[in-house]
file run-v3.tsv (TSV, C-alpha atoms)
chain	number	residue	atom	x	y	z
K	1	MET	CA	-25.34	2.99	2.57
K	2	ASN	CA	-27.80	3.86	-0.17
K	3	SER	CA	-27.94	1.21	-2.93
K	4	LYS	CA	-27.34	3.96	-5.50
K	5	ASN	CA	-23.78	4.27	-4.14
K	6	VAL	CA	-22.88	0.59	-4.61
K	7	GLU	CA	-20.39	0.15	-7.45
K	8	PHE	CA	-21.29	-3.50	-8.07
K	9	PRO	CA	-24.38	-5.56	-7.29
K	10	ALA	CA	-24.52	-7.65	-4.14
K	11	PHE	CA	-22.95	-11.06	-4.64
K	12	LEU	CA	-23.72	-14.21	-2.67
K	13	THR	CA	-22.02	-17.61	-2.74
K	14	ARG	CA	-23.88	-20.25	-0.76
K	15	ALA	CA	-21.57	-22.68	1.02
K	16	ALA	CA	-23.51	-25.66	-0.30
K	17	LYS	CA	-23.04	-24.50	-3.90
K	18	ALA	CA	-19.43	-23.28	-3.73
K	19	GLU	CA	-16.94	-25.16	-5.87
K	20	THR	CA	-14.18	-26.94	-3.97
K	21	SER	CA	-10.76	-28.09	-5.07
K	22	ALA	CA	-9.11	-30.64	-2.81
K	23	ASP	CA	-5.68	-32.23	-2.64
K	24	PRO	CA	-4.15	-34.50	0.01
K	25	SER	CA	-3.29	-31.58	2.33
K	26	SER	CA	-6.01	-28.97	1.86
K	27	VAL	CA	-9.47	-28.11	0.61
K	28	MET	CA	-10.03	-24.81	-1.19
K	29	THR	CA	-13.56	-23.43	-1.33
K	30	LEU	CA	-13.83	-20.98	-4.23
K	31	LEU	CA	-16.09	-18.10	-3.21
K	32	ALA	CA	-15.75	-15.13	-5.58
K	33	ASP	CA	-13.55	-14.54	-8.62
K	34	ALA	CA	-12.84	-11.16	-10.18
K	35	ASP	CA	-14.22	-12.19	-13.55
K	36	GLY	CA	-17.52	-13.29	-11.96
K	37	PRO	CA	-20.49	-11.30	-10.68
K	38	GLY	CA	-18.64	-10.10	-7.54
K	39	GLY	CA	-15.93	-8.34	-9.55
K	40	GLY	CA	-13.10	-6.32	-8.04
K	41	PHE	CA	-11.77	-9.04	-5.72
K	42	THR	CA	-11.01	-12.75	-5.52
K	43	THR	CA	-11.85	-14.71	-2.36
K	44	TYR	CA	-11.42	-18.33	-1.35
K	45	ARG	CA	-11.19	-20.33	1.86
K	46	SER	CA	-8.53	-22.96	2.50
K	47	THR	CA	-8.51	-25.57	5.21
K	48	PHE	CA	-5.08	-27.08	5.78
K	49	THR	CA	-4.33	-30.39	7.45
K	50	GLU	CA	-1.65	-30.56	10.14
K	51	GLY	CA	1.74	-29.89	8.54
K	52	ALA	CA	0.28	-28.81	5.17
K	53	VAL	CA	2.35	-26.38	3.12
K	54	GLY	CA	0.16	-23.75	1.49
K	55	ALA	CA	2.42	-21.82	-0.89
K	56	PRO	CA	6.14	-21.40	-1.49
K	57	ALA	CA	7.72	-17.96	-1.34
K	58	HIS	CA	6.21	-15.69	-3.98
K	59	PHE	CA	4.95	-12.17	-4.59
K	60	HIS	CA	2.26	-10.43	-6.61
K	61	THR	CA	2.87	-7.28	-8.65
K	62	LYS	CA	-0.72	-6.05	-8.76
K	63	ALA	CA	-2.68	-7.35	-5.79
K	64	THR	CA	-2.65	-7.04	-2.03
K	65	GLU	CA	-3.28	-10.47	-0.50
K	66	LEU	CA	-5.40	-10.51	2.64
K	67	PHE	CA	-5.34	-13.37	5.18
K	68	PHE	CA	-7.92	-13.92	7.92
K	69	VAL	CA	-7.42	-16.97	10.14
K	70	ILE	CA	-10.80	-18.49	10.99
K	71	SER	CA	-9.37	-21.25	13.19
K	72	GLY	CA	-6.09	-22.97	13.89
K	73	SER	CA	-2.74	-21.35	13.20
K	74	LEU	CA	-0.93	-20.32	10.02
K	75	GLN	CA	2.83	-19.90	9.74
K	76	VAL	CA	3.57	-16.99	7.40
K	77	LEU	CA	6.67	-15.56	5.78
K	78	VAL	CA	6.55	-11.82	4.98
K	79	GLY	CA	9.80	-10.54	3.49
K	80	ASP	CA	12.38	-12.37	5.62
K	81	ASP	CA	10.25	-12.48	8.78
K	82	ILE	CA	8.30	-15.52	9.90
K	83	THR	CA	5.35	-15.26	12.26
K	84	ILE	CA	2.41	-17.33	13.42
K	85	LEU	CA	-1.12	-16.08	12.83
K	86	ASP	CA	-3.76	-17.48	15.17
K	87	ALA	CA	-7.56	-17.58	14.98
K	88	GLY	CA	-8.92	-14.06	14.52
K	89	ASP	CA	-5.64	-12.63	13.19
K	90	PHE	CA	-5.64	-10.60	9.98
K	91	LEU	CA	-2.70	-9.88	7.67
K	92	ALA	CA	-2.46	-7.72	4.52
K	93	VAL	CA	0.55	-8.32	2.26
K	94	PRO	CA	1.08	-5.50	-0.27
K	95	PRO	CA	2.25	-5.97	-3.87
K	96	HIS	CA	5.94	-6.77	-4.44
K	97	THR	CA	6.31	-8.27	-0.93
K	98	SER	CA	7.51	-11.86	-0.86
K	99	HIS	CA	5.42	-14.14	1.30
K	100	ALA	CA	4.62	-17.81	1.90
K	101	PHE	CA	2.36	-19.76	4.21
K	102	ALA	CA	1.75	-23.18	5.74
K	103	ALA	CA	-0.20	-24.65	8.61
K	104	ALA	CA	1.81	-23.84	11.75
K	105	PRO	CA	3.87	-26.77	13.04
K	106	GLY	CA	1.60	-29.30	14.73
K	107	ARG	CA	-1.54	-27.31	13.84
K	108	THR	CA	-4.28	-27.20	11.25
K	109	ALA	CA	-5.49	-23.93	9.75
K	110	ASP	CA	-8.71	-22.59	8.24
K	111	VAL	CA	-8.02	-19.34	6.38
K	112	LEU	CA	-9.97	-16.87	4.27
K	113	PHE	CA	-7.89	-15.33	1.45
K	114	THR	CA	-8.82	-12.24	-0.56
K	115	PHE	CA	-6.94	-10.54	-3.39
K	116	THR	CA	-7.66	-6.92	-4.20
K	117	PRO	CA	-7.80	-5.70	-6.81
K	118	GLY	CA	-8.91	-9.07	-7.99
K	119	MET	CA	-8.06	-10.91	-11.13
K	120	ALA	CA	-9.42	-14.21	-12.38
K	121	ARG	CA	-7.52	-16.74	-10.21
K	122	PHE	CA	-9.85	-19.72	-9.87
K	123	ASP	CA	-8.20	-21.51	-12.82
K	124	TYR	CA	-4.87	-21.12	-11.04
K	125	LEU	CA	-6.31	-22.58	-7.83
K	126	ARG	CA	-7.76	-25.48	-9.82
K	127	LEU	CA	-4.33	-26.02	-11.41
K	128	LEU	CA	-2.70	-26.13	-7.96
K	129	GLY	CA	-5.13	-28.85	-6.94
K	130	ARG	CA	-4.38	-30.89	-10.07
K	131	VAL	CA	-0.62	-30.59	-9.50
K	132	MET	CA	-0.92	-31.59	-5.83
K	133	ARG	CA	-3.02	-34.61	-6.85
K	134	GLY	CA	-0.44	-35.60	-9.50
K	135	GLU	CA	-2.80	-34.90	-12.41
K	136	SER	CA	-0.76	-32.03	-13.94
K	137	ASP	CA	2.91	-31.21	-14.40
K	138	PRO	CA	4.30	-28.70	-11.85
K	139	LYS	CA	5.97	-26.76	-14.69
K	140	GLU	CA	2.48	-25.55	-15.66
K	141	ILE	CA	2.54	-23.45	-12.49
K	142	ALA	CA	5.81	-21.76	-13.50
K	143	GLU	CA	4.47	-21.20	-17.02
K	144	SER	CA	1.40	-19.44	-15.63
K	145	SER	CA	3.20	-16.95	-13.37
K	146	GLU	CA	2.52	-13.86	-15.49
K	147	ARG	CA	-1.10	-14.76	-16.23
K	148	TYR	CA	-1.94	-15.24	-12.54
K	149	ASP	CA	0.51	-12.70	-11.07
K	150	ASN	CA	2.33	-15.30	-8.96
K	151	HIS	CA	6.07	-14.78	-9.09
K	152	TYR	CA	8.04	-17.41	-7.16
K	153	VAL	CA	11.26	-16.52	-5.36
K	154	ASP	CA	13.84	-18.37	-3.31
K	155	SER	CA	13.66	-17.80	0.44
K	156	PRO	CA	16.33	-19.41	2.63
K	157	ALA	CA	14.36	-18.26	5.70
K	158	TRP	CA	11.25	-20.12	4.51
K	159	ARG	CA	13.21	-23.24	3.54
K	160	ASP	CA	14.79	-23.27	7.02
K	161	ALA	CA	11.41	-22.77	8.72
K	162	LEU	CA	9.85	-25.67	6.82
K	163	ALA	CA	12.85	-27.92	7.43
K	164	SER	CA	12.73	-27.32	11.18
K	165	SER	CA	8.99	-28.01	11.52
call {"tool": "encode", "arguments": {"input": "run-v3.tsv", "output": "structure tokens"}}
result
Amino acid sequence: MNSKNVEFPAFLTRAAKAETSADPSSVMTLLADADGPGGGFTTYRSTFTEGAVGAPAHFHTKATELFFVISGSLQVLVGDDITILDAGDFLAVPPHTSHAFAAAPGRTADVLFTFTPGMARFDYLRLLGRVMRGESDPKEIAESSERYDNHYVDSPAWRDALASS
């Protein structure tokens, strides 16, 4: 592709310089945020310990969320269906589709997440880390749902899946 056709400049995040946000069950490596030089998308990598719950059931109104499992296995809810993604698997969840994820029972998971179109989400990811570490009140997450386009929903299927694992 000719560089004249590129809509945004190349963007590089070196692993050694990437910001991380850790809690007792996962480490998030923040790679590219939509309000940064990369623009247009938000990408981060999460490594989950065995049994770690990644996110409760929720949906986004604007973004498609992309999942790529680097290693391990991720249990995922999409609508009312639950499946296991293994290393090398890719999933795209369109807007307005409820979904949730956790390390698959008895497994760890290393996953690359991308939101497109992107929106500034790194502050939300930092907030999640603070809540998981007990440094912030969980109600801050609910109060930020519109700003970060995370709309939480009840999912009996997901509750049952987590209870049985």
call {"tool": "residues_around", "arguments": {"input": "run-v3.tsv", "residues": "Asp89 of chain K", "least_positions_apart": "4", "cutoff": "10 Å", "atoms": "all atoms listed in the file", "output": "list of chain:residue names"}}
result
K:Phe67, K:Phe68, K:Val69, K:Ile70, K:Ser71, K:Ser73, K:Leu74, K:Ile84, K:Leu85, K:Val111
call {"tool": "residues_near_point", "arguments": {"input": "run-v3.tsv", "point": "(-12.2, -20.0, 0.9)", "cutoff": "10 Å", "atoms": "all atoms listed in the file", "output": "mmCIF file with C-alpha atoms, keeping the file's coordinate frame"}}
result
data_model
loop_
_atom_site.group_PDB
_atom_site.id
_atom_site.type_symbol
_atom_site.label_atom_id
_atom_site.label_comp_id
_atom_site.auth_asym_id
_atom_site.auth_seq_id
_atom_site.Cartn_x
_atom_site.Cartn_y
_atom_site.Cartn_z
ATOM 1 C CA ALA K 15 -21.570 -22.680 1.020
ATOM 2 C CA ALA K 18 -19.430 -23.280 -3.730
ATOM 3 C CA GLU K 19 -16.940 -25.160 -5.870
ATOM 4 C CA THR K 20 -14.180 -26.940 -3.970
ATOM 5 C CA VAL K 27 -9.470 -28.110 0.610
ATOM 6 C CA MET K 28 -10.030 -24.810 -1.190
ATOM 7 C CA THR K 29 -13.560 -23.430 -1.330
ATOM 8 C CA LEU K 30 -13.830 -20.980 -4.230
ATOM 9 C CA LEU K 31 -16.090 -18.100 -3.210
ATOM 10 C CA ALA K 32 -15.750 -15.130 -5.580
ATOM 11 C CA THR K 42 -11.010 -12.750 -5.520
ATOM 12 C CA THR K 43 -11.850 -14.710 -2.360
ATOM 13 C CA TYR K 44 -11.420 -18.330 -1.350
ATOM 14 C CA ARG K 45 -11.190 -20.330 1.860
ATOM 15 C CA SER K 46 -8.530 -22.960 2.500
ATOM 16 C CA THR K 47 -8.510 -25.570 5.210
ATOM 17 C CA ASP K 110 -8.710 -22.590 8.240
ATOM 18 C CA VAL K 111 -8.020 -19.340 6.380
ATOM 19 C CA LEU K 112 -9.970 -16.870 4.270
ATOM 20 C CA PHE K 113 -7.890 -15.330 1.450
ATOM 21 C CA THR K 114 -8.820 -12.240 -0.560
#
call {"tool": "residues_around", "arguments": {"input": "run-v3.tsv", "residues": "Phe59 of chain K", "least_positions_apart": "2", "cutoff": "7 Å", "atoms": "only C-alpha atoms", "output": "list in words"}}
result
Thr61, Pro95, His96, Thr97, Ser98, His99, Asn150, His151 and Tyr152 of chain K
call {"tool": "closest_atom_pairs", "arguments": {"input": "run-v3.tsv", "of": "segment 34-126 of chain K", "to": "segment 154-162 of chain K", "cutoff": "7 Å", "atoms": "all atoms listed in the file", "output": "tab-separated table"}}
result
residue	atom	partner	partner_atom	distance
K:Ala57	CA	K:Ser155	CA	6.2
K:Leu77	CA	K:Trp158	CA	6.6
K:Asp80	CA	K:Ala157	CA	6.2
call {"tool": "write_last_selection", "arguments": {"input": "run-v3.tsv", "atoms": "C-alpha atoms", "output": "PDB file, in the coordinates of the input"}}
result
ATOM      1  CA  ALA K  57       7.720 -17.960  -1.340  1.00  0.00           C
ATOM      2  CA  LEU K  77       6.670 -15.560   5.780  1.00  0.00           C
ATOM      3  CA  ASP K  80      12.380 -12.370   5.620  1.00  0.00           C
TER       4      ASP K  80
END
call {"tool": "residues_around", "arguments": {"input": "run-v3.tsv", "residues": "Glu50 of chain K", "least_positions_apart": "4", "cutoff": "10 Å", "atoms": "all atoms listed in the file", "output": "list in words"}}
result
Ser25, Ser26, Gly72, Ser73, Ala102, Ala103, Ala104, Pro105, Gly106, Arg107, Thr108 and Ala109 of chain K
call {"tool": "closest_residue", "arguments": {"input": "run-v3.tsv", "among": "K:Glu140, K:Tyr124, K:Asp23, K:Phe101", "to": "Ile82 of chain K", "atoms": "only C-alpha atoms"}}
result
K:Phe101
call {"tool": "closest_residue", "arguments": {"input": "run-v3.tsv", "among": "K:Gly118, K:Gly36, K:Pro24, K:Gly88", "to": "Gly51 of chain K", "atoms": "all atoms listed in the file"}}
result
K:Pro24
call {"tool": "residues_around", "arguments": {"input": "run-v3.tsv", "residues": "Pro138 of chain K", "least_positions_apart": "5", "cutoff": "10 Å", "atoms": "all atoms listed in the file", "output": "NGL selection string"}}
result
:K and (127-128 or 130-132 or 143)
call {"tool": "write_last_selection", "arguments": {"input": "run-v3.tsv", "atoms": "C-alpha atoms", "output": "PDB file, keeping the file's coordinate frame"}}
result
ATOM      1  CA  LEU K 127      -4.330 -26.020 -11.410  1.00  0.00           C
ATOM      2  CA  LEU K 128      -2.700 -26.130  -7.960  1.00  0.00           C
ATOM      3  CA  ARG K 130      -4.380 -30.890 -10.070  1.00  0.00           C
ATOM      4  CA  VAL K 131      -0.620 -30.590  -9.500  1.00  0.00           C
ATOM      5  CA  MET K 132      -0.920 -31.590  -5.830  1.00  0.00           C
ATOM      6  CA  GLU K 143       4.470 -21.200 -17.020  1.00  0.00           C
TER       7      GLU K 143
END
call {"tool": "axis_aligned_box", "arguments": {"input": "run-v3.tsv", "around": "segment 40-48 of chain K", "padding_each_side": "5 Å", "output": "AutoDock Vina command-line options"}}
result
--center_x -9.1 --center_y -16.7 --center_z -1.1 --size_x 18.0 --size_y 30.8 --size_z 23.8
call {"tool": "decode", "arguments": {"input": "run-v3.tsv", "residues": "segment 152-164 of chain K", "atoms": "N, CA, C and O atoms", "output": "PDB file, in the first residue's frame"}}
result
ATOM      1  N   TYR K 152     -24.130  -2.568  31.342  1.00  0.00           N
ATOM      2  CA  TYR K 152     -24.209  -3.870  31.999  1.00  0.00           C
ATOM      3  C   TYR K 152     -25.638  -4.388  32.011  1.00  0.00           C
ATOM      4  O   TYR K 152     -26.589  -3.622  32.154  1.00  0.00           O
ATOM      5  N   VAL K 153     -25.768  -5.695  31.828  1.00  0.00           N
ATOM      6  CA  VAL K 153     -27.065  -6.369  31.786  1.00  0.00           C
ATOM      7  C   VAL K 153     -27.000  -7.622  32.647  1.00  0.00           C
ATOM      8  O   VAL K 153     -25.925  -8.139  32.945  1.00  0.00           O
ATOM      9  N   ASP K 154     -28.165  -8.108  33.040  1.00  0.00           N
ATOM     10  CA  ASP K 154     -28.236  -9.348  33.789  1.00  0.00           C
ATOM     11  C   ASP K 154     -28.252 -10.517  32.804  1.00  0.00           C
ATOM     12  O   ASP K 154     -28.941 -10.460  31.782  1.00  0.00           O
ATOM     13  N   SER K 155     -27.504 -11.546  33.092  1.00  0.00           N
ATOM     14  CA  SER K 155     -27.499 -12.736  32.248  1.00  0.00           C
ATOM     15  C   SER K 155     -27.546 -13.983  33.126  1.00  0.00           C
ATOM     16  O   SER K 155     -26.521 -14.388  33.692  1.00  0.00           O
ATOM     17  N   PRO K 156     -28.727 -14.589  33.259  1.00  0.00           N
ATOM     18  CA  PRO K 156     -28.808 -15.842  34.026  1.00  0.00           C
ATOM     19  C   PRO K 156     -27.876 -16.918  33.469  1.00  0.00           C
ATOM     20  O   PRO K 156     -27.282 -17.676  34.234  1.00  0.00           O
ATOM     21  N   ALA K 157     -27.725 -16.974  32.144  1.00  0.00           N
ATOM     22  CA  ALA K 157     -26.828 -17.976  31.541  1.00  0.00           C
ATOM     23  C   ALA K 157     -25.395 -17.774  32.018  1.00  0.00           C
ATOM     24  O   ALA K 157     -24.691 -18.737  32.330  1.00  0.00           O
ATOM     25  N   TRP K 158     -24.944 -16.532  32.084  1.00  0.00           N
ATOM     26  CA  TRP K 158     -23.574 -16.247  32.523  1.00  0.00           C
ATOM     27  C   TRP K 158     -23.406 -16.514  34.011  1.00  0.00           C
ATOM     28  O   TRP K 158     -22.408 -17.097  34.437  1.00  0.00           O
ATOM     29  N   ARG K 159     -24.395 -16.127  34.808  1.00  0.00           N
ATOM     30  CA  ARG K 159     -24.340 -16.409  36.249  1.00  0.00           C
ATOM     31  C   ARG K 159     -24.239 -17.912  36.482  1.00  0.00           C
ATOM     32  O   ARG K 159     -23.422 -18.362  37.301  1.00  0.00           O
ATOM     33  N   ASP K 160     -25.041 -18.699  35.756  1.00  0.00           N
ATOM     34  CA  ASP K 160     -25.007 -20.152  35.894  1.00  0.00           C
ATOM     35  C   ASP K 160     -23.654 -20.728  35.476  1.00  0.00           C
ATOM     36  O   ASP K 160     -23.116 -21.622  36.129  1.00  0.00           O
ATOM     37  N   ALA K 161     -23.107 -20.198  34.385  1.00  0.00           N
ATOM     38  CA  ALA K 161     -21.804 -20.692  33.899  1.00  0.00           C
ATOM     39  C   ALA K 161     -20.708 -20.418  34.928  1.00  0.00           C
ATOM     40  O   ALA K 161     -19.868 -21.286  35.186  1.00  0.00           O
ATOM     41  N   LEU K 162     -20.718 -19.233  35.510  1.00  0.00           N
ATOM     42  CA  LEU K 162     -19.693 -18.910  36.513  1.00  0.00           C
ATOM     43  C   LEU K 162     -19.878 -19.734  37.783  1.00  0.00           C
ATOM     44  O   LEU K 162     -18.901 -20.164  38.383  1.00  0.00           O
ATOM     45  N   ALA K 163     -21.115 -19.954  38.167  1.00  0.00           N
ATOM     46  CA  ALA K 163     -21.384 -20.725  39.383  1.00  0.00           C
ATOM     47  C   ALA K 163     -20.954 -22.189  39.245  1.00  0.00           C
ATOM     48  O   ALA K 163     -20.535 -22.814  40.208  1.00  0.00           O
ATOM     49  N   SER K 164     -21.053 -22.707  38.033  1.00  0.00           N
ATOM     50  CA  SER K 164     -20.715 -24.126  37.830  1.00  0.00           C
ATOM     51  C   SER K 164     -19.226 -24.352  37.576  1.00  0.00           C
ATOM     52  O   SER K 164     -18.780 -25.483  37.517  1.00  0.00           O
TER      53      SER K 164
END
